[in-house]
Amino acid sequence: MTTETQERPHVVKDAKGKRPVFYEAPGMDQAMSMIMVLANEISVVHDRLDSVERVAAKHGIDLAAGIETLELDQAALETREAWRQDFLERLFYLMRKDAHEAGQAATHEGYRSTIAEIAEG
C-alpha cells in the first residue's frame with residue numbers, strides 16, 4: 001500500500017480523567033511524551049527506509065543518487081505537509097490537551113481575581 005492510497009482516519013483520542021504524573025518538574029511528563037512520540041516515529045522511519053533500500057538494491061537501483069536529484073511536485077509537497085501537521089498534532093498532544101483543560105477550568109471570577117492580583121502587585 002502506498003502512502004497516497006492510505007488514509008489515516010482522524011480520531012480524537014483524548015483520555016478522560018487524571019493522567020499519572022511520573023516527574024516532579026513541571027512539563028517533564030509532557031516532554032517525555034513528546035520524546036517517546038519522536039522515538040517511535042524514528043524507529044518506524046528507520047525500518048521502512050531499511051526495507052526500501054534492500055528492495056531497491058535487489059533491483060539494482062541506486063537510491064542515494066535518485067534522492068539527491070529528486071524534485072517534488074506540488075502534490076507531493078502538500079502530502080508531506082499534511083503528514084507533518086498530523087505528526088505535530090500527535091507530538092504536542094498533551095500540551096494541547098492541558099491547554100484545553102485549563103481553558104475549560106477558567107472562569108470569569110478567576111479572571112477577575114487574577115487581574116486584581118496583578119493590579120495589587
# chains A, B, ... in the order shown; residues from 1 in each chain; ligands from 1
call {"tool": "residues_around", "arguments": {"residues": "Asn40 of chain A", "least_positions_apart": "5", "cutoff": "12 Å", "atoms": "only C-alpha atoms", "output": "PyMOL selection string"}}
result
chain A and resi 33-35+45-47+87+90-91
call {"tool": "residues_around", "arguments": {"residues": "Ala31 of chain A", "least_positions_apart": "6", "cutoff": "12 Å", "atoms": "only C-alpha atoms", "output": "list in words"}}
result
Phe22, Tyr23, Ala25, Val37, Leu38, Leu91, Phe92, Tyr93, Leu94 and Met95 of chain A
call {"tool": "write_last_selection", "arguments": {"atoms": "all heavy atoms", "output": "compact mmCIF listing (two decimals), in the first residue's frame"}}
result
# COMPACT_ATOMS: atom_id res chain seq x y z
N PHE A 22 4.71 11.25 36.56
CA PHE A 22 5.91 10.50 36.86
C PHE A 22 7.06 11.38 37.32
O PHE A 22 7.96 10.93 38.02
CB PHE A 22 6.35 9.70 35.63
CG PHE A 22 5.31 8.71 35.18
CD1 PHE A 22 4.48 8.99 34.11
CD2 PHE A 22 5.14 7.51 35.85
CE1 PHE A 22 3.52 8.08 33.71
CE2 PHE A 22 4.19 6.59 35.46
CZ PHE A 22 3.37 6.88 34.38
N TYR A 23 7.07 12.64 36.92
CA TYR A 23 8.17 13.55 37.24
C TYR A 23 7.64 14.74 38.03
O TYR A 23 6.56 15.23 37.77
CB TYR A 23 8.84 14.05 35.96
CG TYR A 23 9.42 12.93 35.13
CD1 TYR A 23 8.72 12.40 34.06
CD2 TYR A 23 10.67 12.40 35.44
CE1 TYR A 23 9.25 11.36 33.31
CE2 TYR A 23 11.20 11.36 34.69
CZ TYR A 23 10.48 10.84 33.63
OH TYR A 23 11.00 9.82 32.89
N ALA A 25 9.13 17.79 38.21
CA ALA A 25 9.35 19.05 37.49
C ALA A 25 8.20 19.31 36.53
O ALA A 25 7.82 18.41 35.76
CB ALA A 25 10.67 19.01 36.74
N VAL A 37 7.07 9.94 21.38
CA VAL A 37 6.45 10.03 20.05
C VAL A 37 7.54 10.12 18.99
O VAL A 37 7.50 9.42 17.96
CB VAL A 37 5.48 11.23 19.96
CG1 VAL A 37 5.09 11.50 18.52
CG2 VAL A 37 4.25 10.99 20.80
N LEU A 38 8.54 10.96 19.23
CA LEU A 38 9.65 11.11 18.28
C LEU A 38 10.42 9.80 18.13
O LEU A 38 10.78 9.40 17.01
CB LEU A 38 10.58 12.23 18.72
CG LEU A 38 10.03 13.64 18.58
CD1 LEU A 38 10.94 14.63 19.30
CD2 LEU A 38 9.88 14.01 17.12
N LEU A 91 2.57 14.96 18.37
CA LEU A 91 3.71 15.35 19.19
C LEU A 91 3.30 16.28 20.32
O LEU A 91 3.74 16.13 21.46
CB LEU A 91 4.77 16.02 18.32
CG LEU A 91 6.06 16.44 19.01
CD1 LEU A 91 6.80 15.24 19.57
CD2 LEU A 91 6.95 17.19 18.03
N PHE A 92 2.43 17.23 20.02
CA PHE A 92 2.02 18.22 21.01
C PHE A 92 0.68 17.86 21.67
O PHE A 92 0.03 18.71 22.27
CB PHE A 92 1.94 19.61 20.38
CG PHE A 92 3.31 20.15 20.04
CD1 PHE A 92 3.76 20.15 18.74
CD2 PHE A 92 4.13 20.63 21.04
CE1 PHE A 92 5.02 20.63 18.43
CE2 PHE A 92 5.39 21.12 20.75
CZ PHE A 92 5.84 21.12 19.44
N TYR A 93 0.30 16.60 21.59
CA TYR A 93 -0.99 16.14 22.11
C TYR A 93 -1.22 16.54 23.57
O TYR A 93 -2.24 17.14 23.90
CB TYR A 93 -1.08 14.61 21.96
CG TYR A 93 -2.11 13.96 22.84
CD1 TYR A 93 -3.45 14.05 22.52
CD2 TYR A 93 -1.74 13.28 23.99
CE1 TYR A 93 -4.41 13.47 23.33
CE2 TYR A 93 -2.70 12.70 24.81
CZ TYR A 93 -4.02 12.79 24.47
OH TYR A 93 -4.97 12.23 25.27
N LEU A 94 -0.28 16.21 24.46
CA LEU A 94 -0.50 16.50 25.88
C LEU A 94 -0.54 18.00 26.15
O LEU A 94 -1.35 18.45 26.96
CB LEU A 94 0.58 15.85 26.74
CG LEU A 94 0.39 14.36 26.98
CD1 LEU A 94 1.55 13.82 27.82
CD2 LEU A 94 -0.93 14.05 27.63
N MET A 95 0.28 18.76 25.49
CA MET A 95 0.28 20.20 25.70
C MET A 95 -1.06 20.79 25.24
O MET A 95 -1.63 21.64 25.91
CB MET A 95 1.44 20.85 24.97
CG MET A 95 2.78 20.43 25.53
SD MET A 95 4.10 21.09 24.56
CE MET A 95 4.65 22.35 25.69
call {"tool": "select_by_dssp", "arguments": {"residues": "chain A", "states": "alpha helix (DSSP H)", "output": "count of residues only"}}
result
82
call {"tool": "atom_distance", "arguments": {"atom1": "atom CA of Arg48 of chain A", "atom2": "atom CA of Trp83 of chain A"}}
result
15.7 Å
call {"tool": "atom_distance", "arguments": {"atom1": "atom CA of Pro9 of chain A", "atom2": "atom CA of Arg80 of chain A"}}
result
16.5 Å
